[in-house]
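**Student:** Input run-v2.cif, format and content: mmCIF, C-alpha atoms.
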data_coords
loop_
_atom_site.label_atom_id
_atom_site.label_comp_id
_atom_site.auth_asym_id
_atom_site.auth_seq_id
_atom_site.Cartn_x
_atom_site.Cartn_y
_atom_site.Cartn_z
CA MET A 480 -21.23 -24.41 23.72
CA PRO A 481 -17.88 -26.03 24.46
CA LEU A 482 -17.20 -29.34 22.76
CA SER A 483 -15.36 -32.15 24.43
CA ARG A 484 -11.84 -32.80 23.16
CA THR A 485 -13.06 -35.96 21.46
CA PRO A 486 -11.67 -35.74 17.92
CA LEU A 487 -14.19 -34.78 15.28
CA TRP A 488 -14.01 -36.45 11.89
CA PHE A 489 -15.23 -34.77 8.71
CA ASP A 490 -18.49 -36.73 9.11
CA ASP A 491 -19.01 -35.30 12.62
CA LEU A 492 -18.94 -31.68 11.46
CA HIS A 493 -21.94 -29.71 10.25
CA VAL A 494 -22.33 -26.27 8.77
CA GLY A 495 -23.17 -23.85 11.56
CA LEU A 496 -21.22 -25.74 14.25
CA ARG A 497 -19.80 -23.08 16.57
CA HIS A 498 -17.01 -23.34 19.10
CA ARG A 499 -15.36 -20.92 21.50
CA SER A 500 -11.78 -21.56 22.62
CA ALA A 501 -11.71 -22.66 26.24
CA ASP A 502 -8.34 -20.97 26.66
CA SER A 503 -7.61 -17.27 26.36
CA ALA A 504 -4.30 -15.55 25.75
CA PRO A 505 -3.10 -12.41 27.50
CA VAL A 506 -0.75 -10.25 25.42
CA ASP A 507 1.74 -7.91 27.04
CA THR A 508 4.36 -5.45 25.82
CA ALA A 509 7.25 -7.89 26.21
CA ALA A 510 5.44 -10.52 24.15
CA ILE A 511 4.60 -8.01 21.41
CA THR A 512 8.13 -6.62 21.12
CA GLY A 513 9.74 -10.06 21.49
CA PHE A 514 7.76 -11.58 18.64
CA ALA A 515 8.38 -8.50 16.51
CA ALA A 516 12.13 -8.58 17.13
CA ASP A 517 12.22 -12.16 15.86
CA TRP A 518 9.81 -11.97 12.91
CA ASP A 519 8.48 -8.51 12.11
CA PRO A 520 11.00 -5.90 13.23
CA GLN A 521 9.12 -2.72 12.37
CA PRO A 522 9.01 0.36 14.64
CA PHE A 523 5.26 0.19 15.34
CA HIS A 524 5.66 -3.35 16.74
CA LEU A 525 8.85 -2.62 18.69
CA ASP A 526 8.51 0.72 20.41
CA ASP A 527 5.50 2.60 21.72
CA ALA A 528 7.00 6.06 21.17
CA ALA A 529 7.90 5.26 17.55
CA ALA A 530 4.47 3.72 17.02
CA ARG A 531 2.65 6.89 18.09
CA ALA A 532 3.68 8.67 14.88
CA THR A 533 2.31 5.88 12.67
CA LEU A 534 -1.03 4.58 11.46
CA PHE A 535 -1.20 2.45 14.61
CA GLY A 536 -1.02 5.41 17.02
CA GLY A 537 0.76 3.29 19.63
CA LEU A 538 2.41 -0.08 20.09
CA ALA A 539 0.51 -2.84 18.24
CA ALA A 540 1.21 -6.54 17.86
CA SER A 541 2.35 -7.86 14.50
CA GLY A 542 -0.56 -9.41 12.64
CA TRP A 543 1.59 -12.55 12.40
CA HIS A 544 1.84 -12.59 16.19
CA THR A 545 -1.95 -12.46 16.39
CA ALA A 546 -2.10 -15.28 13.84
CA ALA A 547 0.36 -17.36 15.89
CA ILE A 548 -1.55 -16.75 19.15
CA THR A 549 -4.76 -17.72 17.35
CA MET A 550 -3.21 -20.94 16.08
CA ARG A 551 -2.08 -21.87 19.58
CA LEU A 552 -5.58 -21.24 20.94
CA LEU A 553 -7.08 -23.34 18.14
CA VAL A 554 -4.63 -26.21 18.67
CA THR A 555 -5.01 -26.30 22.45
CA SER A 556 -8.71 -25.55 22.77
CA GLY A 557 -10.38 -24.94 19.42
CA VAL A 558 -12.53 -27.31 17.36
CA PRO A 559 -10.82 -30.69 18.00
CA VAL A 560 -10.46 -31.77 14.39
CA ALA A 561 -9.32 -35.38 13.96
CA GLY A 562 -5.83 -35.60 12.54
CA GLY A 563 -4.95 -32.06 13.59
CA MET A 564 -5.36 -28.59 12.17
CA ILE A 565 -3.92 -28.91 8.67
CA GLY A 566 -4.54 -25.78 6.63
CA ALA A 567 -4.47 -25.81 2.85
CA GLY A 568 -5.02 -22.08 2.69
CA VAL A 569 -6.42 -19.16 4.64
CA GLN A 570 -7.78 -15.65 4.18
CA LEU A 571 -6.79 -13.27 6.98
CA ASP A 572 -7.97 -9.81 7.89
CA TRP A 573 -6.88 -7.66 10.79
CA PRO A 574 -9.70 -5.20 11.42
CA ARG A 575 -8.23 -3.72 14.63
CA PRO A 576 -4.80 -3.70 16.34
CA VAL A 577 -3.87 -5.89 19.30
CA ARG A 578 -2.56 -3.73 22.18
CA PRO A 579 -0.57 -4.51 25.31
CA GLY A 580 -2.98 -5.74 27.97
CA ASP A 581 -5.40 -7.35 25.52
CA VAL A 582 -6.67 -10.84 26.27
CA LEU A 583 -7.63 -12.86 23.20
CA HIS A 584 -9.95 -15.76 22.57
CA VAL A 585 -11.25 -17.36 19.38
CA VAL A 586 -14.77 -18.09 18.20
CA SER A 587 -15.05 -20.48 15.24
CA GLU A 588 -17.86 -21.57 12.96
CA VAL A 589 -17.97 -24.24 10.27
CA VAL A 590 -19.17 -22.45 7.15
CA GLU A 591 -18.77 -25.06 4.41
CA LEU A 592 -18.00 -28.78 4.09
CA ILE A 593 -16.59 -30.06 0.81
CA PRO A 594 -16.03 -33.81 0.41
CA SER A 595 -12.98 -34.52 -1.74
CA ARG A 596 -13.85 -35.81 -5.20
CA SER A 597 -10.54 -37.52 -5.78
CA LYS A 598 -9.67 -38.70 -2.25
CA PRO A 599 -12.50 -40.52 -0.45
CA ASP A 600 -10.58 -40.52 2.85
CA ARG A 601 -10.96 -36.77 3.42
CA GLY A 602 -12.83 -33.53 2.95
CA ILE A 603 -12.21 -29.80 3.22
CA ALA A 604 -13.83 -28.01 6.16
CA VAL A 605 -14.05 -24.26 5.72
CA ILE A 606 -13.91 -22.71 9.17
CA ARG A 607 -14.28 -19.01 9.91
CA SER A 608 -12.59 -17.95 13.13
CA GLU A 609 -12.73 -14.58 14.80
CA THR A 610 -9.99 -13.72 17.24
CA ARG A 611 -11.53 -11.34 19.75
CA ASN A 612 -10.20 -9.16 22.53
CA GLN A 613 -11.60 -8.74 26.04
CA ARG A 614 -14.24 -6.33 24.69
CA ASP A 615 -15.36 -8.98 22.19
CA GLU A 616 -14.03 -6.87 19.32
CA ALA A 617 -12.61 -8.79 16.36
CA VAL A 618 -8.85 -8.26 15.98
CA MET A 619 -8.39 -10.95 13.33
CA VAL A 620 -10.81 -12.78 11.09
CA GLN A 621 -9.66 -15.85 9.24
CA THR A 622 -11.38 -18.22 6.90
CA ALA A 623 -9.35 -21.41 6.72
CA LYS A 624 -9.61 -24.46 4.51
CA LEU A 625 -8.71 -27.46 6.64
CA VAL A 626 -8.01 -30.97 5.40
CA VAL A 627 -10.08 -33.27 7.63
CA PRO A 628 -10.10 -37.10 7.50
CA ARG A 629 -13.35 -39.00 7.16
CA ARG A 630 -14.29 -41.28 10.03
CA ASN A 631 -11.49 -43.61 11.10
CA GLN A 632 -9.24 -42.66 8.20
CA ALA A 633 -5.59 -41.84 8.77
CA LEU A 634 -4.44 -39.54 6.00
CA GLY A 635 -1.42 -40.73 4.12
CA GLN A 636 0.42 -38.59 1.64
CA MET B 126 16.37 -6.82 -10.31
CA PRO B 127 17.15 -5.75 -6.75
CA LEU B 128 15.84 -2.39 -5.70
CA SER B 129 17.77 -0.04 -3.48
CA ARG B 130 16.46 0.30 0.07
CA THR B 131 15.20 3.81 -0.80
CA PRO B 132 11.60 3.86 0.45
CA LEU B 133 8.98 3.57 -2.26
CA TRP B 134 5.80 5.62 -1.96
CA PHE B 135 2.51 4.53 -3.47
CA ASP B 136 3.29 6.80 -6.44
CA ASP B 137 6.61 5.01 -7.04
CA LEU B 138 5.02 1.59 -7.47
CA HIS B 139 3.72 0.17 -10.74
CA VAL B 140 1.84 -2.98 -11.60
CA GLY B 141 4.35 -5.62 -12.65
CA LEU B 142 7.15 -4.35 -10.41
CA ARG B 143 9.06 -7.44 -9.28
CA HIS B 144 11.47 -7.87 -6.42
CA ARG B 145 13.49 -10.75 -5.01
CA SER B 146 14.52 -10.69 -1.35
CA ALA B 147 18.24 -10.08 -1.03
CA ASP B 148 18.28 -12.22 2.09
CA SER B 149 17.50 -15.91 2.34
CA ALA B 150 16.54 -17.93 5.40
CA PRO B 151 17.82 -21.40 6.24
CA VAL B 152 15.38 -23.54 8.22
CA ASP B 153 16.60 -26.37 10.44
CA THR B 154 14.96 -28.94 12.69
CA ALA B 155 15.51 -26.94 15.89
CA ALA B 156 13.88 -23.86 14.35
CA ILE B 157 10.89 -25.91 13.12
CA THR B 158 10.27 -27.66 16.43
CA GLY B 159 10.99 -24.53 18.48
CA PHE B 160 8.43 -22.42 16.62
CA ALA B 161 5.92 -25.25 16.78
CA ALA B 162 6.37 -25.71 20.53
CA ASP B 163 5.56 -22.03 21.03
CA TRP B 164 2.73 -21.55 18.55
CA ASP B 165 1.56 -24.70 16.75
CA PRO B 166 2.22 -27.73 18.96
CA GLN B 167 1.05 -30.51 16.67
CA PRO B 168 2.96 -33.81 16.22
CA PHE B 169 3.83 -33.26 12.54
CA HIS B 170 5.62 -30.01 13.44
CA LEU B 171 7.33 -31.36 16.57
CA ASP B 172 8.65 -34.83 15.84
CA ASP B 173 9.85 -36.49 12.67
CA ALA B 174 8.81 -40.01 13.69
CA ALA B 175 5.29 -38.87 14.58
CA ALA B 176 5.10 -36.87 11.35
CA ARG B 177 5.84 -39.89 9.16
CA ALA B 178 2.40 -41.37 9.86
CA THR B 179 0.62 -38.15 8.81
CA LEU B 180 -0.27 -36.31 5.63
CA PHE B 181 3.13 -34.60 5.83
CA GLY B 182 5.13 -37.83 5.69
CA GLY B 183 7.91 -36.31 7.80
CA LEU B 184 8.71 -33.25 9.89
CA ALA B 185 7.30 -30.08 8.31
CA ALA B 186 7.35 -26.48 9.47
CA SER B 187 4.13 -24.89 10.67
CA GLY B 188 2.61 -22.75 7.92
CA TRP B 189 2.68 -19.90 10.44
CA HIS B 190 6.41 -20.39 10.81
CA THR B 191 6.77 -20.06 7.05
CA ALA B 192 4.61 -16.95 7.19
CA ALA B 193 6.77 -15.46 9.95
CA ILE B 194 10.01 -16.24 8.07
CA THR B 195 8.50 -14.67 4.97
CA MET B 196 7.57 -11.53 6.89
CA ARG B 197 11.11 -11.19 8.22
CA LEU B 198 12.53 -11.56 4.70
CA LEU B 199 10.08 -8.95 3.41
CA VAL B 200 10.85 -6.49 6.22
CA THR B 201 14.62 -6.84 5.96
CA SER B 202 15.02 -7.17 2.22
CA GLY B 203 11.69 -7.11 0.39
CA VAL B 204 10.05 -4.27 -1.49
CA PRO B 205 11.02 -1.25 0.66
CA VAL B 206 7.56 0.24 1.04
CA ALA B 207 7.52 3.72 2.61
CA GLY B 208 5.99 3.70 6.08
CA GLY B 209 6.55 -0.03 6.52
CA MET B 210 4.73 -3.21 5.60
CA ILE B 211 1.23 -2.63 6.98
CA GLY B 212 -1.14 -5.37 5.90
CA ALA B 213 -4.89 -4.88 5.86
CA GLY B 214 -5.49 -8.46 4.82
CA VAL B 215 -3.85 -11.41 3.13
CA GLN B 216 -4.68 -14.65 1.31
CA LEU B 217 -2.24 -17.47 2.08
CA ASP B 218 -1.72 -20.85 0.48
CA TRP B 219 0.84 -23.48 1.37
CA PRO B 220 1.30 -25.65 -1.72
CA ARG B 221 4.21 -27.67 -0.35
CA PRO B 222 5.77 -28.34 3.09
CA VAL B 223 8.93 -26.68 4.38
CA ARG B 224 11.45 -29.31 5.50
CA PRO B 225 14.58 -29.21 7.68
CA GLY B 226 17.45 -28.03 5.49
CA ASP B 227 15.33 -25.84 3.24
CA VAL B 228 16.57 -22.33 2.45
CA LEU B 229 13.83 -19.84 1.68
CA HIS B 230 13.66 -16.61 -0.28
CA VAL B 231 10.76 -14.47 -1.45
CA VAL B 232 9.83 -13.17 -4.89
CA SER B 233 7.22 -10.42 -4.95
CA GLU B 234 5.21 -8.70 -7.66
CA VAL B 235 2.89 -5.71 -7.50
CA VAL B 236 -0.38 -6.91 -9.02
CA GLU B 237 -2.79 -4.04 -8.36
CA LEU B 238 -2.69 -0.44 -7.12
CA ILE B 239 -5.85 1.06 -5.66
CA PRO B 240 -5.80 4.74 -4.64
CA SER B 241 -7.99 5.34 -1.59
CA ARG B 242 -11.21 7.17 -2.40
CA SER B 243 -11.73 8.52 1.09
CA LYS B 244 -8.13 9.12 2.20
CA PRO B 245 -5.99 11.03 -0.31
CA ASP B 246 -2.80 10.37 1.69
CA ARG B 247 -2.67 6.63 0.86
CA GLY B 248 -3.46 3.74 -1.42
CA ILE B 249 -3.69 -0.03 -1.28
CA ALA B 250 -0.91 -1.98 -3.02
CA VAL B 251 -1.80 -5.59 -3.74
CA ILE B 252 1.43 -7.58 -3.70
CA ARG B 253 1.71 -11.26 -4.53
CA SER B 254 4.69 -12.93 -2.89
CA GLU B 255 5.94 -16.45 -3.42
CA THR B 256 8.13 -17.95 -0.73
CA ARG B 257 10.40 -20.42 -2.49
CA ASN B 258 12.82 -23.08 -1.37
CA GLN B 259 16.32 -23.77 -2.71
CA ARG B 260 14.80 -25.64 -5.68
CA ASP B 261 12.70 -22.57 -6.53
CA GLU B 262 9.53 -24.47 -5.56
CA ALA B 263 6.77 -22.37 -3.98
CA VAL B 264 6.15 -23.30 -0.35
CA MET B 265 3.83 -20.36 0.37
CA VAL B 266 1.94 -17.97 -1.86
CA GLN B 267 0.45 -14.85 -0.38
CA THR B 268 -1.51 -12.01 -1.85
CA ALA B 269 -1.39 -9.10 0.57
CA LYS B 270 -3.18 -5.78 0.65
CA LEU B 271 -0.75 -3.21 1.99
CA VAL B 272 -1.57 0.32 3.09
CA VAL B 273 1.02 2.55 1.40
CA PRO B 274 1.36 6.33 1.88
CA ARG B 275 1.41 8.65 -1.12
CA ARG B 276 4.58 10.64 -1.65
CA ASN B 277 5.80 12.46 1.44
CA GLN B 278 2.70 11.61 3.47
CA ALA B 279 2.98 10.30 7.00
CA LEU B 280 -0.10 8.26 7.73
CA GLY B 281 -2.00 9.29 10.82
CA GLN B 282 -4.73 7.22 12.31
#
Once more with this new file: its structure as structure tokens, please.
**Tutor:**
Amino acid sequence: MPLSRTPLWFDDLHVGLRHRSADSAPVDTAAITGFAADWDPQPFHLDDAAARATLFGGLAASGWHTAAITMRLLVTSGVPVAGGMIGAGVQLDWPRPVRPGDVLHVVSEVVELIPSRSKPDRGIAVIRSETRNQRDEAVMVQTAKLVVPRRNQALGQ
Amino acid sequence: MPLSRTPLWFDDLHVGLRHRSADSAPVDTAAITGFAADWDPQPFHLDDAAARATLFGGLAASGWHTAAITMRLLVTSGVPVAGGMIGAGVQLDWPRPVRPGDVLHVVSEVVELIPSRSKPDRGIAVIRSETRNQRDEAVMVQTAKLVVPRRNQALGQ
């Protein structure tokens, strides 16, 4: 059930709210090796032949590349949280490699809502997001704690 | 205490082993806004004036940028784990923003070693890494589960 891009305040969220990214992200060999060359220059992310002899069994995207793609999908077409996606912390797992030719999307669910005790202008929304490939297999699972303003609040420092 | 770049097998690690990245990474405005434009296009990562009105109070790097910088520091000069840095999962926290002009390094400590029950060729090393700025303040804390081969094992799939 796609939401409109109308910003959602903390008060607008509810546990169980689900959202699928409207956008999807194709991943090709050049993108995988380009990201890896910049940020994670290890053989299994840079070269298919070298990757075959490793745990990955072939070229695989850096998990940080998958995380970056996921963030872009969330920012452009994920849950439209008021004030932006501001993460205080996140748990990440990568159950399966991302391969050249994969096309990723993200499915998110609000799993917990924690009003701040000390700051009445905000709350923490705990959102679990699965990044999935074109076969709907999870390639990354993240549980993020987002700082979300209460209705009509602009968060200061 | 810097280690040599001699690869360390699971058997070579011990709980309490500490390592500081030999390299450090300067972060400037162009790097912050460039990464954000590609992966996390939100105003507080793209424009200083826009960022002043937000929780960040000024331009701040995307947490995923900090994570990517940290990975590069770990790959090029972190604990030289045999077989490479292969993460099964990670917990991330960002206690403090990264600002233009910051210079980052990483301090890591082995906190737990878990031999695999089902696969005698490997174990899980739990490594806590703090990414710190030039004032030795933590900007990111991660606890990663790495898959590490036992001595002279090449991990297959």
**Student:** Figure out the distance between atom CA of Arg630 of chain A and atom CA of Val223 of chain B, please, to one decimal in Å.
**Tutor:** 28.0 Å
**Student:** Take the PyMOL selection byres ((chain A) within 9 of (chain B)), apply it to the structure above, and return the hits as an NGL selection string.
**Tutor:** :A and (517-523 or 531-536 or 542-544 or 546-555 or 562-574 or 633-636)
**Student:** Can you work out the spacing between atom CA of His144 of chain B and atom CA of Ser243 of chain B in Å, to one decimal?
**Tutor:**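 Separating atom CA of His144 of chain B from atom CA of Ser243 of chain B is a distance of 29.4 Å.
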**Student:** I'd like to know which of B:Glu255, B:Asp172, B:Asp148, B:Asp261 is closest to Gly203 of chain B, using only C-alpha atoms.
**Tutor:**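 Closest candidate: B:Asp148.
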**Student:** Please check which residues have atoms at most 10 Å from (0.9, -14.5, 25.8) in the file's coordinates, counting only C-alpha atoms, and write them as a list of chain:residue names.
**Tutor:** A:Ser503, A:Ala504, A:Pro505, A:Val506, A:Asp507, A:Thr508, A:Ala509, A:Ala510, A:Ile511, A:His544, A:Ile548, A:Gly580, A:Asp581, A:Val582, A:Leu583
**Student:** What are the centre and edge lengths in Å, to one decimal, of the axis-aligned box around all listed atoms of segment 494-508 of chain A with 6 Å added on each side, as lines of an AutoDock Vina configuration file?
**Tutor:**
center_x = -9.4
center_y = -15.9
center_z = 18.1
size_x = 39.5
size_y = 32.8
size_z = 30.7
**Student:** Applied to the shown file, which residues does the PyMOL selection byres ((chain B and resi 138) around 10) return, written as a list in words?
**Tutor:** Leu133, Trp134, Phe135, Asp136, Asp137, His139, Val140, Gly141, Leu142, Val204, Val206, Val235, Glu237, Leu238, Ala250 and Val273 of chain B
**Student:** How many Å separate atom CA of Leu271 of chain B from atom CA of Leu538 of chain A?
**Tutor:**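 Between atom CA of Leu271 of chain B and atom CA of Leu538 of chain A the gap works out to 18.6 Å.
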**Student:** Evaluate the PyMOL selection byres ((chain A and resi 587) around 6) and record the selected residues as a PDB file with C-alpha atoms, keeping the file's coordinate frame, following the chain and residue labels used in the document.
**Tutor:**
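Below is the file result.pdb, written as the result:
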ATOM      1  CA  ARG A 497     -19.800 -23.080  16.570  1.00  0.00           C
ATOM      2  CA  HIS A 498     -17.010 -23.340  19.100  1.00  0.00           C
ATOM      3  CA  VAL A 586     -14.770 -18.090  18.200  1.00  0.00           C
ATOM      4  CA  GLU A 588     -17.860 -21.570  12.960  1.00  0.00           C
ATOM      5  CA  ARG A 607     -14.280 -19.010   9.910  1.00  0.00           C
ATOM      6  CA  SER A 608     -12.590 -17.950  13.130  1.00  0.00           C
TER       7      SER A 608
END
**Student:** Contacts of Ala539 of chain A at 6 Å or less, counting all atoms listed in the file, minus same-chain residues fewer than 5 places along, as a ChimeraX atom specification?
**Tutor:** /A:524,576-578
